[in-house]
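Trainee: Have a peek at input_19.pdb (PDB, C-alpha atoms and all ligand atoms).
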```pdb
ATOM      1  CA  MET E1221      17.251  -0.536  14.886
ATOM      2  CA  THR E1222      17.691   0.873  11.366
ATOM      3  CA  ARG E1223      17.288   4.664  11.486
ATOM      4  CA  VAL E1224      15.733   6.049   8.334
ATOM      5  CA  LEU E1225      15.223   9.577   7.072
ATOM      6  CA  LEU E1226      12.669   9.474   4.249
ATOM      7  CA  VAL E1227      12.656  12.608   2.108
ATOM      8  CA  GLY E1228       9.411  12.783   0.143
ATOM      9  CA  CYS E1229       6.410  10.683   1.104
ATOM     10  CA  GLY E1230       4.391  10.725  -2.094
ATOM     11  CA  LYS E1231       3.311   7.697  -4.078
ATOM     12  CA  MET E1232       6.559   5.745  -3.948
ATOM     13  CA  GLY E1233       7.851   6.976  -0.593
ATOM     14  CA  SER E1234       4.544   6.128   1.086
ATOM     15  CA  ALA E1235       4.403   2.719  -0.625
ATOM     16  CA  MET E1236       7.822   1.872   0.824
ATOM     17  CA  LEU E1237       7.014   3.323   4.233
ATOM     18  CA  ALA E1238       3.771   1.320   4.407
ATOM     19  CA  GLY E1239       5.752  -1.790   3.539
ATOM     20  CA  TRP E1240       8.432  -1.071   6.189
ATOM     21  CA  ILE E1241       5.839  -0.640   8.927
ATOM     22  CA  GLU E1242       3.904  -3.699   7.812
ATOM     23  CA  ARG E1243       7.132  -5.690   7.902
ATOM     24  CA  GLY E1244       7.911  -4.622  11.455
ATOM     25  CA  ILE E1245      10.641  -2.032  10.886
ATOM     26  CA  ASP E1246      10.446   0.078  14.033
ATOM     27  CA  PRO E1247       8.552   3.326  13.249
ATOM     28  CA  ALA E1248      10.340   4.984  16.180
ATOM     29  CA  GLY E1249      13.488   4.968  14.028
ATOM     30  CA  ILE E1250      11.828   6.593  11.015
ATOM     31  CA  VAL E1251      11.649  10.331  10.345
ATOM     32  CA  VAL E1252       9.823  11.609   7.262
ATOM     33  CA  VAL E1253      10.260  15.020   5.664
ATOM     34  CA  GLU E1254       7.173  15.796   3.617
ATOM     35  CA  PRO E1255       5.566  19.207   3.168
ATOM     36  CA  GLY E1256       2.015  17.881   2.628
ATOM     37  CA  GLY E1257      -0.176  16.975   5.610
ATOM     38  CA  ALA E1258      -1.312  13.576   4.326
ATOM     39  CA  ALA E1259       1.827  11.727   5.440
ATOM     40  CA  ARG E1260       1.499  13.113   8.961
ATOM     41  CA  ASP E1261      -2.143  12.001   9.126
ATOM     42  CA  THR E1262      -1.416   8.525   7.779
ATOM     43  CA  PHE E1263       1.897   7.660   9.380
ATOM     44  CA  GLY E1264       1.992   9.857  12.500
ATOM     45  CA  PRO E1265      -0.520   7.632  14.324
ATOM     46  CA  LYS E1266       1.668   4.634  13.464
ATOM     47  CA  GLY E1267       4.586   6.115  15.419
ATOM     48  CA  VAL E1268       6.548   7.717  12.572
ATOM     49  CA  THR E1269       7.862  11.266  13.094
ATOM     50  CA  VAL E1270       6.710  13.434  10.196
ATOM     51  CA  VAL E1271       8.074  16.963   9.739
ATOM     52  CA  ASP E1272       7.619  19.626   7.060
ATOM     53  CA  THR E1273      11.215  20.589   6.395
ATOM     54  CA  VAL E1274      14.741  19.338   6.920
ATOM     55  CA  GLY E1275      15.207  22.172   9.412
ATOM     56  CA  ALA E1276      12.664  20.499  11.696
ATOM     57  CA  VAL E1277      14.595  17.223  11.904
ATOM     58  CA  ASP E1278      15.982  16.743  15.429
ATOM     59  CA  ARG E1279      19.705  17.663  15.368
ATOM     60  CA  ALA E1280      20.470  14.500  17.354
ATOM     61  CA  PHE E1281      18.864  12.212  14.762
ATOM     62  CA  MET E1282      21.576  10.474  12.748
ATOM     63  CA  PRO E1283      20.036   8.221  10.125
ATOM     64  CA  ASP E1284      21.720   5.101   8.800
ATOM     65  CA  VAL E1285      19.902   5.634   5.503
ATOM     66  CA  VAL E1286      18.600   8.831   3.895
ATOM     67  CA  VAL E1287      16.023   7.779   1.299
ATOM     68  CA  LEU E1288      15.686  10.468  -1.362
ATOM     69  CA  ALA E1289      12.192  10.010  -2.783
ATOM     70  CA  VAL E1290      11.304  13.358  -4.323
ATOM     71  CA  LYS E1291      10.748  13.890  -8.036
ATOM     72  CA  PRO E1292      13.869  13.924 -10.203
ATOM     73  CA  GLN E1293      12.965  17.460 -11.303
ATOM     74  CA  VAL E1294      13.345  18.869  -7.754
ATOM     75  CA  MET E1295      16.219  16.669  -6.589
ATOM     76  CA  ALA E1296      18.945  19.262  -7.331
ATOM     77  CA  GLU E1297      17.130  21.765  -5.139
ATOM     78  CA  VAL E1298      16.266  19.339  -2.323
ATOM     79  CA  ALA E1299      19.235  16.979  -1.886
ATOM     80  CA  PRO E1300      21.951  19.489  -0.864
ATOM     81  CA  SER E1301      20.058  20.326   2.359
ATOM     82  CA  TYR E1302      20.752  16.748   3.497
ATOM     83  CA  ALA E1303      24.540  16.880   3.100
ATOM     84  CA  ARG E1304      25.029  16.941   6.890
ATOM     85  CA  PHE E1305      23.816  13.324   7.092
ATOM     86  CA  LYS E1306      26.995  12.214   5.343
ATOM     87  CA  ASP E1307      27.817   9.447   7.827
ATOM     88  CA  GLY E1308      24.894   7.393   6.577
ATOM     89  CA  VAL E1309      24.148   6.241   3.063
ATOM     90  CA  PHE E1310      22.034   8.185   0.591
ATOM     91  CA  LEU E1311      19.560   5.882  -1.126
ATOM     92  CA  SER E1312      18.031   7.613  -4.135
ATOM     93  CA  ILE E1313      15.017   6.129  -5.869
ATOM     94  CA  ALA E1314      14.777   8.889  -8.470
ATOM     95  CA  ALA E1315      14.373   7.835 -12.080
ATOM     96  CA  GLY E1316      17.238   8.814 -14.314
ATOM     97  CA  LYS E1317      19.494  10.531 -11.778
ATOM     98  CA  PRO E1318      22.940   8.909 -11.806
ATOM     99  CA  VAL E1319      25.248   8.392  -8.833
ATOM    100  CA  SER E1320      27.528  11.121 -10.248
ATOM    101  CA  PHE E1321      24.650  13.624 -10.005
ATOM    102  CA  PHE E1322      24.388  13.020  -6.245
ATOM    103  CA  ALA E1323      28.155  13.086  -5.790
ATOM    104  CA  GLY E1324      28.063  16.521  -7.448
ATOM    105  CA  LEU E1325      25.440  17.724  -4.948
ATOM    106  CA  LEU E1326      26.560  15.950  -1.773
ATOM    107  CA  GLY E1327      30.286  15.360  -2.181
ATOM    108  CA  ASP E1328      32.276  12.228  -1.529
ATOM    109  CA  VAL E1329      29.532  10.289   0.270
ATOM    110  CA  ALA E1330      28.054   6.795   0.124
ATOM    111  CA  ILE E1331      25.345   6.664  -2.533
ATOM    112  CA  VAL E1332      23.047   3.908  -3.676
ATOM    113  CA  ARG E1333      20.932   4.473  -6.760
ATOM    114  CA  ALA E1334      17.884   2.238  -6.560
ATOM    115  CA  MET E1335      14.786   1.611  -8.604
ATOM    116  CA  PRO E1336      11.887   0.127  -6.610
ATOM    117  CA  ASN E1337       8.244  -0.204  -7.668
ATOM    118  CA  THR E1338       4.883   0.443  -6.025
ATOM    119  CA  PRO E1339       4.024  -3.211  -5.226
ATOM    120  CA  ALA E1340       6.457  -2.502  -2.366
ATOM    121  CA  ALA E1341       3.346  -1.309  -0.516
ATOM    122  CA  VAL E1342       2.228  -4.947  -0.264
ATOM    123  CA  ARG E1343       5.748  -6.338   0.109
ATOM    124  CA  ALA E1344       5.692  -7.592  -3.477
ATOM    125  CA  GLY E1345       8.087  -5.065  -4.969
ATOM    126  CA  ILE E1346      11.382  -5.524  -6.709
ATOM    127  CA  THR E1347      14.269  -3.089  -6.383
ATOM    128  CA  VAL E1348      17.445  -2.981  -8.411
ATOM    129  CA  CYS E1349      20.416  -1.132  -6.885
ATOM    130  CA  VAL E1350      23.850   0.082  -7.809
ATOM    131  CA  ALA E1351      26.308   1.475  -5.255
ATOM    132  CA  ASN E1352      29.338   3.736  -5.407
ATOM    133  CA  ALA E1353      32.710   2.813  -3.917
ATOM    134  CA  ARG E1354      31.915   4.592  -0.621
ATOM    135  CA  VAL E1355      29.173   2.087   0.178
ATOM    136  CA  ASP E1356      30.778  -0.366   2.596
ATOM    137  CA  ALA E1357      29.271  -3.636   3.787
ATOM    138  CA  ALA E1358      27.420  -2.046   6.736
ATOM    139  CA  ARG E1359      25.821   0.663   4.596
ATOM    140  CA  ARG E1360      24.893  -1.825   1.934
ATOM    141  CA  ALA E1361      23.339  -4.063   4.599
ATOM    142  CA  ALA E1362      21.282  -1.132   5.928
ATOM    143  CA  CYS E1363      19.874  -0.513   2.427
ATOM    144  CA  GLN E1364      19.285  -4.212   1.959
ATOM    145  CA  ILE E1365      17.225  -4.404   5.189
ATOM    146  CA  LEU E1366      14.928  -1.623   3.987
ATOM    147  CA  LEU E1367      14.546  -2.862   0.459
ATOM    148  CA  GLU E1368      14.087  -6.546   1.181
ATOM    149  CA  ALA E1369      11.411  -5.603   3.711
ATOM    150  CA  VAL E1370       9.260  -4.620   0.737
ATOM    151  CA  GLY E1371      10.154  -7.261  -1.826
ATOM    152  CA  GLU E1372      12.982  -8.704  -3.873
ATOM    153  CA  VAL E1373      16.342  -6.938  -4.212
ATOM    154  CA  ALA E1374      18.967  -7.228  -6.939
ATOM    155  CA  TRP E1375      22.361  -5.460  -6.924
ATOM    156  CA  ILE E1376      24.076  -4.732 -10.214
ATOM    157  CA  ASP E1377      27.484  -3.281 -11.038
ATOM    158  CA  ASP E1378      26.659  -1.646 -14.354
ATOM    159  CA  GLU E1379      24.838   1.628 -13.721
ATOM    160  CA  GLY E1380      24.229   1.901 -17.457
ATOM    161  CA  LEU E1381      21.450  -0.666 -17.069
ATOM    162  CA  MET E1382      19.403   1.421 -14.645
ATOM    163  CA  ASP E1383      17.294   3.259 -17.225
ATOM    164  CA  ALA E1384      16.241  -0.043 -18.791
ATOM    165  CA  VAL E1385      15.541  -1.450 -15.308
ATOM    166  CA  THR E1386      13.354   1.599 -14.655
ATOM    167  CA  ALA E1387      11.527   1.041 -17.939
ATOM    168  CA  VAL E1388      10.781  -2.600 -17.116
ATOM    169  CA  SER E1389      10.156  -2.894 -13.362
ATOM    170  CA  GLY E1390       9.945   0.702 -12.088
ATOM    171  CA  SER E1391       7.308   1.737 -14.619
ATOM    172  CA  GLY E1392       6.135  -1.829 -15.241
ATOM    173  CA  PRO E1393       3.270  -1.910 -12.724
ATOM    174  CA  ALA E1394       1.601   0.799 -14.823
ATOM    175  CA  TYR E1395       1.665  -1.468 -17.867
ATOM    176  CA  VAL E1396       0.010  -4.244 -15.876
ATOM    177  CA  PHE E1397      -2.622  -1.886 -14.454
ATOM    178  CA  LEU E1398      -3.264  -0.604 -17.976
ATOM    179  CA  LEU E1399      -3.797  -4.202 -19.032
ATOM    180  CA  ALA E1400      -6.409  -4.624 -16.290
ATOM    181  CA  GLU E1401      -7.992  -1.337 -17.349
ATOM    182  CA  VAL E1402      -8.253  -2.159 -21.048
ATOM    183  CA  MET E1403      -9.395  -5.733 -20.390
ATOM    184  CA  ALA E1404     -12.244  -4.385 -18.270
ATOM    185  CA  LYS E1405     -13.187  -1.861 -20.948
ATOM    186  CA  ALA E1406     -13.062  -4.513 -23.665
ATOM    187  CA  GLY E1407     -15.248  -6.775 -21.520
ATOM    188  CA  ALA E1408     -17.803  -3.997 -21.115
ATOM    189  CA  LYS E1409     -17.773  -3.414 -24.876
ATOM    190  CA  ALA E1410     -18.391  -7.139 -25.311
ATOM    191  CA  GLY E1411     -21.599  -6.727 -23.301
ATOM    192  CA  LEU E1412     -20.561  -7.463 -19.704
ATOM    193  CA  PRO E1413     -21.870  -5.203 -16.937
ATOM    194  CA  PRO E1414     -18.901  -2.839 -16.252
ATOM    195  CA  GLU E1415     -18.615  -3.887 -12.594
ATOM    196  CA  LEU E1416     -18.395  -7.541 -13.526
ATOM    197  CA  ALA E1417     -15.883  -6.773 -16.300
ATOM    198  CA  THR E1418     -13.696  -4.860 -13.807
ATOM    199  CA  ARG E1419     -13.912  -7.668 -11.267
ATOM    200  CA  LEU E1420     -12.963 -10.264 -13.902
ATOM    201  CA  ALA E1421     -10.006  -8.201 -15.139
ATOM    202  CA  ARG E1422      -8.643  -7.533 -11.615
ATOM    203  CA  ALA E1423      -9.032 -11.133 -10.495
ATOM    204  CA  THR E1424      -7.432 -12.402 -13.686
ATOM    205  CA  VAL E1425      -4.389 -10.126 -13.399
ATOM    206  CA  TRP E1426      -4.036 -10.982  -9.694
ATOM    207  CA  GLY E1427      -4.479 -14.717 -10.225
ATOM    208  CA  SER E1428      -2.094 -14.788 -13.170
ATOM    209  CA  GLY E1429       0.517 -12.936 -11.104
ATOM    210  CA  GLN E1430       0.092 -15.452  -8.298
ATOM    211  CA  LEU E1431       0.458 -18.348 -10.726
ATOM    212  CA  LEU E1432       3.514 -16.754 -12.314
ATOM    213  CA  SER E1433       5.159 -16.253  -8.932
ATOM    214  CA  GLN E1434       4.394 -19.746  -7.665
ATOM    215  CA  SER E1435       4.906 -21.850 -10.782
ATOM    216  CA  ALA E1436       8.190 -23.320 -11.921
ATOM    217  CA  GLU E1437       7.060 -22.885 -15.538
ATOM    218  CA  SER E1438       8.109 -19.932 -17.685
ATOM    219  CA  SER E1439       5.632 -17.201 -18.547
ATOM    220  CA  GLU E1440       5.705 -18.473 -22.125
ATOM    221  CA  GLN E1441       4.734 -21.999 -21.001
ATOM    222  CA  LEU E1442       1.996 -20.657 -18.720
ATOM    223  CA  ARG E1443       0.608 -18.792 -21.722
ATOM    224  CA  ILE E1444       0.757 -21.934 -23.840
ATOM    225  CA  ASN E1445      -1.078 -23.830 -21.079
ATOM    226  CA  VAL E1446      -4.071 -21.491 -21.492
ATOM    227  CA  THR E1447      -4.097 -21.809 -25.255
ATOM    228  CA  SER E1448      -6.106 -24.756 -26.558
ATOM    229  CA  PRO E1449      -5.390 -25.435 -30.232
ATOM    230  CA  GLY E1450      -8.156 -23.872 -32.309
ATOM    231  CA  GLY E1451      -9.733 -22.392 -29.170
ATOM    232  CA  THR E1452     -10.694 -18.964 -27.923
ATOM    233  CA  THR E1453      -7.282 -17.944 -26.545
ATOM    234  CA  ALA E1454      -5.588 -18.789 -29.843
ATOM    235  CA  ALA E1455      -8.049 -16.486 -31.583
ATOM    236  CA  ALA E1456      -7.213 -13.632 -29.193
ATOM    237  CA  LEU E1457      -3.463 -14.223 -29.323
ATOM    238  CA  ALA E1458      -3.532 -14.130 -33.123
ATOM    239  CA  VAL E1459      -4.545 -10.490 -32.680
ATOM    240  CA  LEU E1460      -2.211  -9.665 -29.762
ATOM    241  CA  MET E1461       0.808 -11.320 -31.385
ATOM    242  CA  ALA E1462       0.193 -10.245 -34.984
ATOM    243  CA  GLU E1463       3.466  -9.908 -36.875
ATOM    244  CA  GLY E1464       4.721  -6.315 -36.862
ATOM    245  CA  LYS E1465       1.834  -4.802 -34.877
ATOM    246  CA  GLY E1466       1.454  -7.014 -31.839
ATOM    247  CA  PHE E1467       1.776  -6.541 -28.108
ATOM    248  CA  GLY E1468       5.479  -7.476 -28.256
ATOM    249  CA  GLU E1469       6.357  -4.677 -30.681
ATOM    250  CA  LEU E1470       4.283  -2.205 -28.708
ATOM    251  CA  MET E1471       6.057  -3.227 -25.499
ATOM    252  CA  ASP E1472       9.454  -2.865 -27.208
ATOM    253  CA  ASP E1473       8.508   0.688 -28.175
ATOM    254  CA  ALA E1474       7.131   1.474 -24.713
ATOM    255  CA  VAL E1475      10.240   0.220 -22.911
ATOM    256  CA  ALA E1476      12.474   2.093 -25.360
ATOM    257  CA  ALA E1477      10.499   5.314 -24.770
ATOM    258  CA  ALA E1478      10.754   4.946 -20.980
ATOM    259  CA  THR E1479      14.479   4.205 -21.226
ATOM    260  CA  ARG E1480      15.004   7.326 -23.345
ATOM    261  CA  ARG E1481      13.056   9.413 -20.847
ATOM    262  CA  GLY E1482      15.232   8.112 -18.025
ATOM    263  CA  LYS E1483      18.323   9.317 -19.892
ATOM    264  CA  GLU E1484      16.718  12.735 -20.412
ATOM    265  CA  LEU E1485      16.077  13.018 -16.649
ATOM    266  CA  ALA E1486      19.752  12.391 -15.844
ATOM    267  CA  GLY E1487      20.997  15.984 -15.869
TER     268      GLY E1487
HETATM  269  N1  LIG E1501       5.752   6.304  -8.496
HETATM  270  C1  LIG E1501       6.481   5.232  -8.812
HETATM  271  O1  LIG E1501       5.931   4.185  -9.190
HETATM  272  C2  LIG E1501       7.968   5.276  -8.698
HETATM  273  C3  LIG E1501       8.650   6.450  -8.462
HETATM  274  N2  LIG E1501      10.010   6.445  -8.357
HETATM  275  C4  LIG E1501      10.726   7.677  -8.067
HETATM  276  O2  LIG E1501      10.315   8.068  -6.787
HETATM  277  C5  LIG E1501      10.400   9.485  -6.675
HETATM  278  C6  LIG E1501       9.060  10.003  -6.162
HETATM  279  O3  LIG E1501       8.069   9.693  -7.113
HETATM  280  P1  LIG E1501       6.551   9.677  -6.686
HETATM  281  O4  LIG E1501       6.420   9.136  -5.324
HETATM  282  O5  LIG E1501       5.828   9.040  -7.791
HETATM  283  O6  LIG E1501       6.257  11.245  -6.682
HETATM  284  P2  LIG E1501       5.297  12.070  -5.728
HETATM  285  O7  LIG E1501       5.166  13.425  -6.311
HETATM  286  O8  LIG E1501       4.076  11.271  -5.432
HETATM  287  O9  LIG E1501       6.152  12.144  -4.374
HETATM  288  C7  LIG E1501       7.132  13.083  -4.129
HETATM  289  C8  LIG E1501       6.805  13.714  -2.804
HETATM  290  O10 LIG E1501       7.871  14.558  -2.412
HETATM  291  C9  LIG E1501       7.291  15.707  -1.832
HETATM  292  N3  LIG E1501       8.236  16.814  -1.810
HETATM  293  C10 LIG E1501       8.389  17.828  -2.696
HETATM  294  N4  LIG E1501       9.368  18.658  -2.281
HETATM  295  C11 LIG E1501       9.849  18.141  -1.122
HETATM  296  C12 LIG E1501      10.855  18.545  -0.211
HETATM  297  N5  LIG E1501      11.583  19.648  -0.402
HETATM  298  N6  LIG E1501      11.081  17.769   0.872
HETATM  299  C13 LIG E1501      10.368  16.647   1.094
HETATM  300  N7  LIG E1501       9.395  16.231   0.264
HETATM  301  C14 LIG E1501       9.137  16.964  -0.823
HETATM  302  C15 LIG E1501       6.090  15.977  -2.677
HETATM  303  O11 LIG E1501       5.180  16.835  -2.038
HETATM  304  P3  LIG E1501       4.247  17.776  -2.962
HETATM  305  O12 LIG E1501       3.397  16.858  -3.766
HETATM  306  O13 LIG E1501       3.517  18.577  -1.938
HETATM  307  O14 LIG E1501       5.194  18.588  -3.826
HETATM  308  C16 LIG E1501       5.540  14.570  -2.861
HETATM  309  O15 LIG E1501       4.683  14.197  -1.795
HETATM  310  C17 LIG E1501      10.728  10.024  -8.049
HETATM  311  O16 LIG E1501      12.064  10.400  -8.076
HETATM  312  C18 LIG E1501      10.446   8.845  -8.972
HETATM  313  O17 LIG E1501      11.316   8.849 -10.082
HETATM  314  C19 LIG E1501      10.736   5.287  -8.439
HETATM  315  C20 LIG E1501      10.100   4.115  -8.668
HETATM  316  C21 LIG E1501       8.678   4.006  -8.882
HETATM  317  O1  LIG E1502       7.186   7.472 -14.018
HETATM  318  C1  LIG E1502       8.248   7.666 -13.414
HETATM  319  O2  LIG E1502       9.092   8.483 -13.842
HETATM  320  C2  LIG E1502       8.522   6.913 -12.137
HETATM  321  C3  LIG E1502       9.775   6.120 -12.220
HETATM  322  C4  LIG E1502       9.355   4.712 -12.372
HETATM  323  C5  LIG E1502       7.925   4.743 -12.084
HETATM  324  N1  LIG E1502       7.487   5.946 -11.918
END
```
Please re-express this file's structure in structure tokens.

Mentor:
Amino acid sequence: MTRVLLVGCGKMGSAMLAGWIERGIDPAGIVVVEPGGAARDTFGPKGVTVVDTVGAVDRAFMPDVVVLAVKPQVMAEVAPSYARFKDGVFLSIAAGKPVSFFAGLLGDVAIVRAMPNTPAAVRAGITVCVANARVDAARRAACQILLEAVGEVAWIDDEGLMDAVTAVSGSGPAYVFLLAEVMAKAGAKAGLPPELATRLARATVWGSGQLLSQSAESSEQLRINVTSPGGTTAAALAVLMAEGKGFGELMDDAVAAATRRGKELAG
């Protein structure tokens, strides 16, 4: 049984925890530290132990993995209280915070810096990880079990890529949800009843994601397959892909802004 101490059960921590339970990771081996009551109400009945503070964690509980899932802004204050769990591996999911930051707080311990995303809640996430030299095969395997329970996992060696990873896949679900949001609004402006517009936008984003995940064709080819010459899609794409002010340029700027913000959160 993989023993997990989850620190912070907000949006991302709860998405991962929901995915772990759904995937059959034994809740009896999971302890959550979360000051709010919502986690206790949601996950307590599922067999997870939820406590308010690190001081309330049973002294005999020795986790294989300590998942640090609080906001980057409070990490410096929170993480040092977990230094006694140094025999396990610390798995941080905080945006921006480098491995060296945790080594400064926790000492010479095994640290994995990871960037998951919220589709983990439905086991459709993707997490990119980088490990320090203290992460041996067993500790890496323990992280792998948790992360692959909620989606795909990729390990990289170059930590310098993590802010760009965060900008693409960590933050990325928000871009897709924004797409669904603005498509629905545009549909309503075009005269559709708002409920129907929302249903069409959600189903289209979901169906396109399914097609993308199941097709051997590239996203570019799948786009081309929708686009009849001289048809309606071509008319829309002429707007979305307009030279110099299209969706591509906007996305470049958005990813660059998120990457910059990740670097600012490092310290
Ligand atoms: N949301 C996302 O899509 C993703 C987030 N991340 C990263 O995950 C981390 C969490 O983000 P997110 O879930 O969005 O943020 P949330 O604010 O939703 O979750 C953080 C949780 O930690 C709790 N908390 C605060 N202090 C402590 C403490 N001392 N001990 C235990 N828990 C505490 C907070 O409680 P309270 O609200 O009461 O303060 C809150 O429930 C961040 O570092 C973020 O960068 C990574 C990938 C994606
Ligand atoms: O917005 C954030 O900072 C976090 C990290 C990636 C997704 N949410």

Trainee: Do a neighbour search on stretch 1333-1337 of chain E at 6 Å with all atoms listed in the file, toss out local chain neighbours closer than 2 positions, and write the hits as a short mmCIF file (atom, residue, chain, number, x, y, z; two decimals) with C-alpha atoms, in the coordinates of the input.

Mentor:
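Final output, selection_28.cif:
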```cif
data_model
loop_
_atom_site.label_atom_id
_atom_site.label_comp_id
_atom_site.auth_asym_id
_atom_site.auth_seq_id
_atom_site.Cartn_x
_atom_site.Cartn_y
_atom_site.Cartn_z
CA LEU E 1311 19.56 5.88 -1.13
CA SER E 1312 18.03 7.61 -4.14
CA ILE E 1313 15.02 6.13 -5.87
CA PRO E 1339 4.02 -3.21 -5.23
CA GLY E 1345 8.09 -5.07 -4.97
CA ILE E 1346 11.38 -5.52 -6.71
CA THR E 1347 14.27 -3.09 -6.38
CA VAL E 1348 17.44 -2.98 -8.41
CA CYS E 1349 20.42 -1.13 -6.88
CA VAL E 1350 23.85 0.08 -7.81
CA GLY E 1390 9.94 0.70 -12.09
#
```

Trainee: Grab the atom CA of E:Ser1433 to atom CA of E:Gly1371 distance for me, in Å with one decimal place.

Mentor: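 Taking atom CA of E:Ser1433 as the start and atom CA of E:Gly1371 as the end point, the length is 12.5 Å.
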
Trainee: Hey, which residues come within 9 Å of ligand LIG 1502 (chain E) if we count all atoms listed in the file? Could you give them as a PyMOL selection string?

Mentor: chain E and resi 1232+1291-1292+1313-1316+1335-1338+1386-1394+1478+1481-1482+1485

Trainee: Build an axis-aligned box that encloses every atom of ligand LIG 1501 (chain E) listed in the file, pad it by 4 Å on each side, and report its centre and edge lengths in Å to one decimal, as JSON.

Mentor:
```
{"center_x": 7.7, "center_y": 11.8, "center_z": -4.5, "size_x": 16.7, "size_y": 23.6, "size_z": 19.2}
```

Trainee: Please report the interatomic distance between atom O9 of ligand LIG 1501 (chain E) and atom CA of E:Gly1308 in Å with one decimal.

Mentor: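 Distance reported for this atom pair: 22.2 Å.
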
Trainee: Write out as an mmCIF file with C-alpha atoms, in the frame of the given file the residues lying within 7 Å of stretch 1362-1365 of chain E, counting only C-alpha atoms and excluding same-chain residues fewer than 3 positions away.

Mentor:
```cif
data_model
loop_
_atom_site.group_PDB
_atom_site.id
_atom_site.type_symbol
_atom_site.label_atom_id
_atom_site.label_comp_id
_atom_site.auth_asym_id
_atom_site.auth_seq_id
_atom_site.Cartn_x
_atom_site.Cartn_y
_atom_site.Cartn_z
ATOM 1 C CA THR E 1222 17.691 0.873 11.366
ATOM 2 C CA ASP E 1284 21.720 5.101 8.800
ATOM 3 C CA VAL E 1285 19.902 5.634 5.503
ATOM 4 C CA ALA E 1358 27.420 -2.046 6.736
ATOM 5 C CA ARG E 1359 25.821 0.663 4.596
ATOM 6 C CA GLU E 1368 14.087 -6.546 1.181
ATOM 7 C CA ALA E 1369 11.411 -5.603 3.711
#
```

Trainee: Using only C-alpha atoms, find the one residue out of E:Leu1326, E:Arg1419, E:Gly1380, E:Ala1280 that sits nearest to E:Glu1297.

Mentor: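 Checking each candidate against E:Glu1297, we get E:Leu1326 as the closest.
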
Trainee: Between atom CA of E:Gly1257 and atom CA of E:Val1370, measure the distance and give it in Å to one decimal.

Mentor: 24.1 Å

Trainee: Output the residue selection produced by the PyMOL selection byres (((chain E and resi 1402) around 12) and not hetatm) on the file above, formatted as a list of chain:residue names.

Mentor: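 Matching residues under the PyMOL selection byres (((chain E and resi 1402) around 12) and not hetatm) are E:Tyr1395, E:Val1396, E:Phe1397, E:Leu1398, E:Leu1399, E:Ala1400, E:Glu1401, E:Met1403, E:Ala1404, E:Lys1405, E:Ala1406, E:Gly1407, E:Ala1408, E:Lys1409, E:Pro1414, E:Ala1417, E:Thr1418, E:Leu1420, E:Ala1421, E:Arg1422, E:Val1425.
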
Trainee: Let me make sure I understand: among E:Asp1473, E:Asp1328, E:Asp1246, E:Glu1254, which one has the smallest atom-to-atom distance to ligand LIG 1501 (chain E) if we use all atoms listed in the file?

Mentor: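 With all atoms listed in the file as the atom set, the closest residue is E:Glu1254.
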
Trainee: Which neighbours of E:Phe1321 fall inside 10 Å, counting only C-alpha atoms, when residues of the same chain fewer than 4 positions from it are skipped, and could you give them as a ChimeraX atom specification?

Mentor: /E:1295-1296,1316-1317,1325-1327,1486-1487

Trainee: Go ahead and write the selection's residues with C-alpha atoms as an mmCIF file, in the frame of the given file.

Mentor:
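Produced file out_26.cif, reproduced below:
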```cif
data_model
loop_
_atom_site.group_PDB
_atom_site.id
_atom_site.type_symbol
_atom_site.label_atom_id
_atom_site.label_comp_id
_atom_site.auth_asym_id
_atom_site.auth_seq_id
_atom_site.Cartn_x
_atom_site.Cartn_y
_atom_site.Cartn_z
ATOM 1 C CA MET E 1295 16.219 16.669 -6.589
ATOM 2 C CA ALA E 1296 18.945 19.262 -7.331
ATOM 3 C CA GLY E 1316 17.238 8.814 -14.314
ATOM 4 C CA LYS E 1317 19.494 10.531 -11.778
ATOM 5 C CA LEU E 1325 25.440 17.724 -4.948
ATOM 6 C CA LEU E 1326 26.560 15.950 -1.773
ATOM 7 C CA GLY E 1327 30.286 15.360 -2.181
ATOM 8 C CA ALA E 1486 19.752 12.391 -15.844
ATOM 9 C CA GLY E 1487 20.997 15.984 -15.869
#
```

Trainee: Determine, counting only C-alpha atoms, which protein, DNA and RNA residues have an atom within 10 Å of an atom of E:Phe1310; residues of the same chain fewer than 4 positions away are not included. Present the result as a ChimeraX atom specification.

Mentor: /E:1225,1283-1288,1299,1302-1303,1305-1306,1319,1322,1326,1329-1333,1351,1355,1359,1363

Trainee: Might you spell out which residues the PyMOL selection byres (((chain E and resi 1271) around 7) and not hetatm) would select in the displayed file, as a PyMOL selection string?

Mentor: chain E and resi 1252-1254+1269-1270+1272-1273+1276-1277

Trainee: Counting all atoms listed in the file, figure out which residue out of E:Glu1372, E:Asp1307, E:Asp1383, E:Asp1278 gets nearest to ligand LIG 1501 (chain E).

Mentor: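 Of all the options, E:Asp1383 lies closest to ligand LIG 1501 (chain E).
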